[in-house]
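Here is work03.txt, consisting of compact mmCIF, C-alpha atoms:
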```
# COMPACT_ATOMS: atom_id res chain seq x y z
CA VAL A 1335 -31.31 5.53 57.80
CA ALA A 1336 -28.81 3.40 55.89
CA ILE A 1337 -26.65 5.23 53.43
CA SER A 1338 -25.33 3.10 50.59
CA PRO A 1339 -22.21 4.12 48.77
CA ALA A 1340 -22.24 4.93 45.08
CA PRO A 1341 -20.73 2.24 42.88
CA VAL A 1342 -17.08 2.57 41.97
CA ILE A 1343 -16.63 1.65 38.32
CA SER A 1344 -13.49 -0.15 37.20
CA SER A 1345 -12.68 -0.87 33.58
CA ALA A 1346 -10.23 -2.98 31.63
CA ILE A 1347 -9.53 -2.48 27.93
CA ASN A 1348 -7.99 -5.31 25.92
CA PRO A 1349 -5.77 -5.04 23.97
CA SER A 1350 -3.99 -2.02 25.36
CA LEU A 1351 -2.73 -1.01 21.90
CA ILE A 1352 -5.59 -0.51 19.45
CA CYS A 1353 -5.05 0.33 15.80
CA ALA A 1354 -7.77 1.67 13.53
CA GLY A 1355 -10.04 -1.19 12.51
CA ASP A 1356 -9.01 -3.44 15.40
CA SER A 1357 -11.55 -5.03 17.69
CA ALA A 1358 -11.26 -4.32 21.41
CA THR A 1359 -13.06 -5.50 24.54
CA ILE A 1360 -14.03 -3.22 27.42
CA ALA A 1361 -14.98 -4.98 30.66
CA LEU A 1362 -16.65 -3.08 33.51
CA SER A 1363 -16.98 -4.06 37.15
CA GLY A 1364 -18.12 -2.50 40.42
CA ALA A 1365 -21.87 -2.18 39.77
CA SER A 1366 -24.89 -4.37 39.06
CA SER A 1367 -26.10 -2.66 35.86
CA TYR A 1368 -24.64 -0.38 33.24
CA GLN A 1369 -25.78 1.96 30.50
CA TRP A 1370 -23.35 2.92 27.77
CA GLU A 1371 -23.67 6.19 25.90
CA LEU A 1372 -21.41 7.83 23.35
CA SER A 1373 -20.00 11.19 24.39
CA SER A 1374 -20.77 12.38 20.88
CA ASN A 1375 -24.44 11.49 21.38
CA PRO A 1376 -25.21 11.65 25.13
CA GLY A 1377 -28.55 10.40 26.38
CA VAL A 1378 -28.80 7.61 23.81
CA VAL A 1379 -28.06 4.20 25.32
CA VAL A 1380 -26.01 2.03 22.95
CA TRP A 1381 -25.19 -0.92 25.25
CA THR A 1382 -26.32 -2.32 28.61
CA ASP A 1383 -23.98 -5.23 29.35
CA SER A 1384 -20.85 -5.10 31.48
CA VAL A 1385 -18.69 -6.20 28.53
CA LEU A 1386 -18.53 -4.53 25.13
CA THR A 1387 -16.57 -5.92 22.17
CA GLN A 1388 -16.48 -4.08 18.87
CA PRO A 1389 -14.10 -2.71 16.22
CA PHE A 1390 -12.88 0.87 16.62
CA ASN A 1391 -11.81 3.19 13.79
CA THR A 1392 -11.21 6.34 15.84
CA THR A 1393 -10.69 7.28 19.47
CA THR A 1394 -14.06 6.87 21.22
CA THR A 1395 -15.31 8.06 24.59
CA PHE A 1396 -18.19 6.35 26.39
CA ILE A 1397 -20.33 7.75 29.20
CA ILE A 1398 -21.06 4.97 31.68
CA VAL A 1399 -24.08 5.24 33.96
CA ALA A 1400 -23.72 2.50 36.59
CA GLN A 1401 -26.17 1.44 39.27
CA SER A 1402 -25.52 -0.62 42.39
CA ASP A 1403 -27.82 -3.23 43.96
CA ALA A 1404 -28.93 -0.55 46.40
CA GLY A 1405 -30.00 1.70 43.55
CA CYS A 1406 -27.15 4.17 43.86
CA ILE A 1407 -25.91 5.64 40.59
CA ASP A 1408 -22.53 6.86 39.45
CA THR A 1409 -21.43 8.25 36.10
CA SER A 1410 -17.96 8.08 34.61
CA THR A 1411 -16.30 8.20 31.21
CA ILE A 1412 -14.07 5.68 29.47
CA THR A 1413 -11.94 6.61 26.49
CA VAL A 1414 -10.68 4.03 24.01
CA ASN A 1415 -7.58 5.48 22.38
CA VAL A 1416 -7.18 4.35 18.77
CA ASN A 1417 -3.95 4.85 16.83
CA PRO A 1418 -4.28 5.64 13.10
CA LEU A 1419 -2.82 3.32 10.51
CA PRO A 1420 0.14 4.62 8.49
CA GLN A 1421 -0.38 5.78 4.93
CA THR A 1422 0.97 2.91 2.84
CA PHE A 1423 1.41 3.08 -0.93
CA ALA A 1424 3.74 0.68 -2.71
CA GLY A 1425 2.91 2.06 -6.15
CA ASN A 1426 0.68 1.32 -9.10
CA ASP A 1427 1.07 -1.98 -10.92
CA ILE A 1428 3.08 -1.39 -14.08
CA ASN A 1429 4.54 -3.05 -17.17
CA ILE A 1430 8.11 -2.07 -18.01
CA CYS A 1431 11.01 -3.22 -20.13
CA ALA A 1432 13.63 -5.44 -18.55
CA GLY A 1433 16.60 -3.44 -17.35
CA ASP A 1434 14.55 -0.29 -16.74
CA THR A 1435 14.77 1.60 -13.45
CA ILE A 1436 11.56 2.83 -11.81
CA GLN A 1437 10.63 4.44 -8.53
CA LEU A 1438 8.29 2.72 -6.10
CA GLY A 1439 6.21 4.05 -3.19
CA GLY A 1440 5.59 7.69 -2.50
CA ALA A 1441 6.32 10.55 -0.14
CA ALA A 1442 7.39 9.62 3.39
CA GLN A 1443 4.99 10.21 6.28
CA ALA A 1444 6.38 11.69 9.49
CA GLY A 1445 6.98 9.09 12.18
CA VAL A 1446 6.49 6.12 9.85
CA THR A 1447 9.10 3.40 9.34
CA TYR A 1448 9.16 1.43 6.11
CA ASN A 1449 10.30 -2.04 5.13
CA TRP A 1450 10.34 -3.46 1.60
CA SER A 1451 10.67 -7.09 0.61
CA PRO A 1452 12.22 -8.78 -1.19
CA ALA A 1453 15.36 -6.66 -1.35
CA ASN A 1454 16.31 -7.78 -4.88
CA GLY A 1455 17.06 -4.81 -7.11
CA LEU A 1456 16.01 -2.18 -4.55
CA SER A 1457 18.11 0.89 -3.85
CA SER A 1458 16.88 0.77 -0.22
CA THR A 1459 14.62 -1.47 1.83
CA THR A 1460 13.77 1.24 4.37
CA ALA A 1461 13.01 4.26 2.17
CA ALA A 1462 9.44 5.28 1.40
CA ASP A 1463 10.27 5.63 -2.30
CA PRO A 1464 13.20 3.43 -3.37
CA THR A 1465 14.16 2.77 -6.97
CA VAL A 1466 14.32 -0.72 -8.42
CA ILE A 1467 16.16 -2.14 -11.42
CA ILE A 1468 14.33 -5.02 -13.06
CA PRO A 1469 16.70 -7.67 -14.48
CA ASP A 1470 16.43 -9.04 -18.01
CA THR A 1471 14.98 -12.53 -17.66
CA ASN A 1472 14.41 -13.19 -21.39
CA GLN A 1473 10.80 -13.93 -20.57
CA THR A 1474 7.73 -12.17 -19.25
CA VAL A 1475 7.93 -12.21 -15.45
CA THR A 1476 5.94 -10.43 -12.74
CA PHE A 1477 7.90 -9.21 -9.72
CA THR A 1478 5.93 -8.45 -6.55
CA TYR A 1479 7.25 -6.09 -3.89
CA ILE A 1480 5.64 -5.74 -0.47
CA LEU A 1481 5.80 -2.51 1.53
CA THR A 1482 5.09 -2.71 5.27
CA ALA A 1483 4.73 0.59 7.11
CA GLN A 1484 4.60 1.05 10.89
CA LEU A 1485 3.37 4.02 12.92
CA ASN A 1486 3.11 3.95 16.72
CA GLY A 1487 2.97 0.15 16.71
CA CYS A 1488 0.33 -0.05 13.98
CA THR A 1489 1.27 -1.68 10.68
CA LEU A 1490 -0.23 -1.74 7.21
CA ALA A 1491 1.07 -3.46 4.08
CA ASP A 1492 0.64 -2.82 0.37
CA THR A 1493 1.96 -4.60 -2.72
CA VAL A 1494 2.99 -3.55 -6.20
CA ASN A 1495 3.37 -5.84 -9.21
CA ILE A 1496 5.95 -5.09 -11.89
CA THR A 1497 5.64 -7.10 -15.09
CA THR A 1498 8.55 -7.16 -17.55
CA ASN A 1499 8.01 -6.91 -21.27
CA LEU A 1500 10.32 -8.96 -23.42
CA THR A 1501 13.24 -7.07 -24.97
CA PRO A 1502 12.84 -7.37 -28.74
CA PHE A 1503 15.47 -9.33 -30.66
CA VAL A 1504 15.80 -7.32 -33.84
CA GLN A 1505 17.39 -8.66 -37.01
CA ILE A 1506 18.10 -6.67 -40.17
CA ASN A 1507 17.97 -8.56 -43.44
CA GLY A 1508 19.81 -7.18 -46.50
CA ASN A 1509 23.22 -6.94 -48.10
CA ASP A 1510 26.06 -5.46 -46.11
CA SER A 1511 27.25 -3.51 -49.14
CA ILE A 1512 25.84 -2.29 -52.44
CA CYS A 1513 27.20 -0.82 -55.62
CA ALA A 1514 26.89 2.86 -56.34
CA ASP A 1515 23.55 3.83 -57.88
CA ASN A 1516 22.04 0.46 -56.92
CA ALA A 1517 18.97 0.33 -54.70
CA GLN A 1518 18.88 -1.74 -51.57
CA THR A 1519 15.98 -2.58 -49.28
CA LEU A 1520 16.64 -3.44 -45.64
CA LEU A 1521 14.02 -5.42 -43.72
CA ALA A 1522 13.85 -5.41 -39.90
CA THR A 1523 12.13 -8.18 -37.94
CA GLY A 1524 11.56 -9.01 -34.27
CA ALA A 1525 9.55 -6.00 -33.09
CA ILE A 1526 6.25 -4.24 -33.76
CA SER A 1527 7.56 -0.75 -34.53
CA TYR A 1528 10.84 0.54 -35.84
CA THR A 1529 12.85 3.76 -36.10
CA TRP A 1530 15.84 3.94 -38.45
CA GLN A 1531 18.79 6.27 -37.91
CA ASN A 1532 22.08 6.64 -39.72
CA ALA A 1533 24.97 5.64 -37.46
CA SER A 1534 27.02 8.54 -38.83
CA ASN A 1535 24.27 10.99 -37.91
CA PRO A 1536 22.45 9.61 -34.86
CA GLY A 1537 19.29 11.31 -33.75
CA VAL A 1538 18.09 11.99 -37.28
CA ILE A 1539 15.26 9.61 -38.18
CA ILE A 1540 15.39 8.31 -41.74
CA GLY A 1541 12.66 5.68 -41.55
CA ILE A 1542 9.77 4.55 -39.35
CA SER A 1543 8.61 1.23 -40.82
CA ASP A 1544 10.05 -2.27 -40.93
CA THR A 1545 11.69 -1.55 -44.29
CA LEU A 1546 14.23 1.05 -45.35
CA GLN A 1547 14.95 1.87 -48.97
CA LEU A 1548 18.56 2.80 -49.73
CA THR A 1549 19.54 4.36 -53.00
```

Could you spell out this file's structure in structure tokens?
Amino acid sequence: VAISPAPVISSAINPSLICAGDSATIALSGASSYQWELSSNPGVVVWTDSVLTQPFNTTTTFIIVAQSDAGCIDTSTITVNVNPLPQTFAGNDINICAGDTIQLGGAAQAGVTYNWSPANGLSSTTAADPTVIIPDTNQTVTFTYILTAQLNGCTLADTVNITTNLTPFVQINGNDSICADNAQTLLATGAISYTWQNASNPGVIIGISDTLQLT
């Protein structure tokens, strides 16, 4: 009576570092045929070749049923460890006035490193939520900032677009001085809405249109 040994299954997983969404290849050797089953659904064969290539979103364990030429069977498990991607949020696209300061990004995630580019105007290039001052360019310009986050060797990028609104150039038309009891009308141009205040009493609104009647 000849006793044949059970197959000894060897496996190689490439690449060794797998991030969520990455494709990986598992190569088996040591037997003549293979049946792949998911540990989450044992008994259902999902693959029968010695090499499996597919994308992985989460850590996955396979049950391998291998058979040798002599008909001997061995069963083993192979786990593909998948690292999650970092939470990456650069911010919502926004329109602001030139010279304004806004905050980008969001709350920091434990273990994540951050890198922003370009560095222009940023309070920090490594914070999860830096502030940025947008310069006055005298024209409508869109600035794009890129946030790249890394967690356990896995990276994910996000972008935010900041569009500047032109600063209005307001002119007031009217006489610099008037005689007592004479009426004077001031006309403002260069914007779409106006609020008038007396310089001697700031904070008190005395008009809300493009004209102001003085008496």

Practice prompt. Extract, using all atoms listed in the file, all DNA, RNA and protein residues at most 8 Å from A:Thr1411, discarding same-chain residues fewer than 4 positions from it, and format them as JSON, numbers by chain.
Written response: {"A": [1395, 1396, 1397, 1398]}

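Remark: for A:Thr1413, the closest of the candidate residues A:Ile1347, A:Asn1454, A:Val1446, A:Gly1377 is A:Ile1347 (distances computed over all atoms listed in the file).
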
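Distance check against A:Ala1424 using all atoms listed in the file: of A:Leu1372, A:Ile1496, A:Leu1485, A:Ile1360, the minimum falls on A:Ile1496.
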
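Atom CA of A:Thr1435 sits 25.1 Å away from atom CA of A:Trp1530.
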
Worksheet, complete the sentence: Among A:Gly1487, A:Ala1354, A:Leu1500, A:Gly1433, A:Ile1468 is approached most closely, using all atoms listed in the file, by A:Gly1433

Worksheet item: Leaving out A:Phe1423 and any residue of its chain fewer than 2 positions from it, which residues lie within 7 Å of it when counting all atoms listed in the file, given as a PyMOL selection string?
Response: chain A and resi 1421+1425+1439-1440+1492

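Atom CA of A:Ile1467 sits 28.8 Å away from atom CA of A:Ala1522.
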
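With all atoms listed in the file as the atoms that count, the minimum distance from A:Thr1394 to the choices A:Thr1382, A:Ile1352, A:Asp1463, A:Cys1488 is reached by A:Ile1352.
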
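Separating atom CA of A:Gln1388 from atom CA of A:Ser1366 is a distance of 21.9 Å.
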
Item to complete: Mind listing whatever residues come within 7 Å of the point (-18.4, 0.3, 37.9)? Use only C-alpha atoms, file coordinates, and give them as a ChimeraX atom specification.
Response: /A:1341-1344,1362-1365,1400

Now that the selection is made, can you save its residues with C-alpha atoms as an mmCIF file, in the frame of the given file?
```
data_model
loop_
_atom_site.group_PDB
_atom_site.id
_atom_site.type_symbol
_atom_site.label_atom_id
_atom_site.label_comp_id
_atom_site.auth_asym_id
_atom_site.auth_seq_id
_atom_site.Cartn_x
_atom_site.Cartn_y
_atom_site.Cartn_z
ATOM 1 C CA PRO A 1341 -20.730 2.240 42.880
ATOM 2 C CA VAL A 1342 -17.080 2.570 41.970
ATOM 3 C CA ILE A 1343 -16.630 1.650 38.320
ATOM 4 C CA SER A 1344 -13.490 -0.150 37.200
ATOM 5 C CA LEU A 1362 -16.650 -3.080 33.510
ATOM 6 C CA SER A 1363 -16.980 -4.060 37.150
ATOM 7 C CA GLY A 1364 -18.120 -2.500 40.420
ATOM 8 C CA ALA A 1365 -21.870 -2.180 39.770
ATOM 9 C CA ALA A 1400 -23.720 2.500 36.590
#
```

Worksheet item: At a cut-off of 12 Å from (11.6, 6.5, 14.7) in the coordinates of the file, what residues are picked up using only C-alpha atoms, written as a PyMOL selection string?
Response: chain A and resi 1443-1448+1460+1483-1487

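Closest approach to A:Leu1520 among A:Val1378, A:Ala1533, A:Leu1546, A:Ile1412 is made by A:Leu1546 (distances from all atoms listed in the file).
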
Discussion item. Calculated over only C-alpha atoms, which of the candidates A:Pro1469, A:Pro1452, A:Gly1537, A:Gly1355 has the smallest distance to A:Leu1419?
Written reply: A:Gly1355

Contact residues around A:Cys1406 with all atoms listed in the file at 8 Å, ignoring same-chain residues under 6 positions, as a JSON list (two decimals) with C-alpha atoms, in the coordinates of the input:
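Final output, out-v3.json:
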```json
[["chain", "number", "residue", "atom", "x", "y", "z"],
["A", 1338, "SER", "CA", -25.33, 3.10, 50.59],
["A", 1339, "PRO", "CA", -22.21, 4.12, 48.77],
["A", 1340, "ALA", "CA", -22.24, 4.93, 45.08],
["A", 1341, "PRO", "CA", -20.73, 2.24, 42.88]]
```

Could you pull the residues within 8 Å of A:Thr1501, counting all atoms listed in the file, minus those fewer than 4 positions along the same chain, as a PDB file with C-alpha atoms, in the coordinates of the input?
```
ATOM      1  CA  CYS A1431      11.010  -3.220 -20.130  1.00  0.00           C
ATOM      2  CA  ALA A1432      13.630  -5.440 -18.550  1.00  0.00           C
ATOM      3  CA  ASP A1470      16.430  -9.040 -18.010  1.00  0.00           C
ATOM      4  CA  ASN A1472      14.410 -13.190 -21.390  1.00  0.00           C
TER       5      ASN A1472
END
```

Worksheet item: Got a sec: who's within 7 Å of A:Thr1523, counting only C-alpha atoms, leaving out chain neighbours fewer than 5 positions off, as a ChimeraX atom specification?
Response: /A:1504-1506,1544

With C-alpha atoms retained, write the just-selected residues as an mmCIF file, keeping the file's coordinate frame.
```cif
data_model
loop_
_atom_site.group_PDB
_atom_site.id
_atom_site.type_symbol
_atom_site.label_atom_id
_atom_site.label_comp_id
_atom_site.auth_asym_id
_atom_site.auth_seq_id
_atom_site.Cartn_x
_atom_site.Cartn_y
_atom_site.Cartn_z
ATOM 1 C CA VAL A 1504 15.800 -7.320 -33.840
ATOM 2 C CA GLN A 1505 17.390 -8.660 -37.010
ATOM 3 C CA ILE A 1506 18.100 -6.670 -40.170
ATOM 4 C CA ASP A 1544 10.050 -2.270 -40.930
#
```
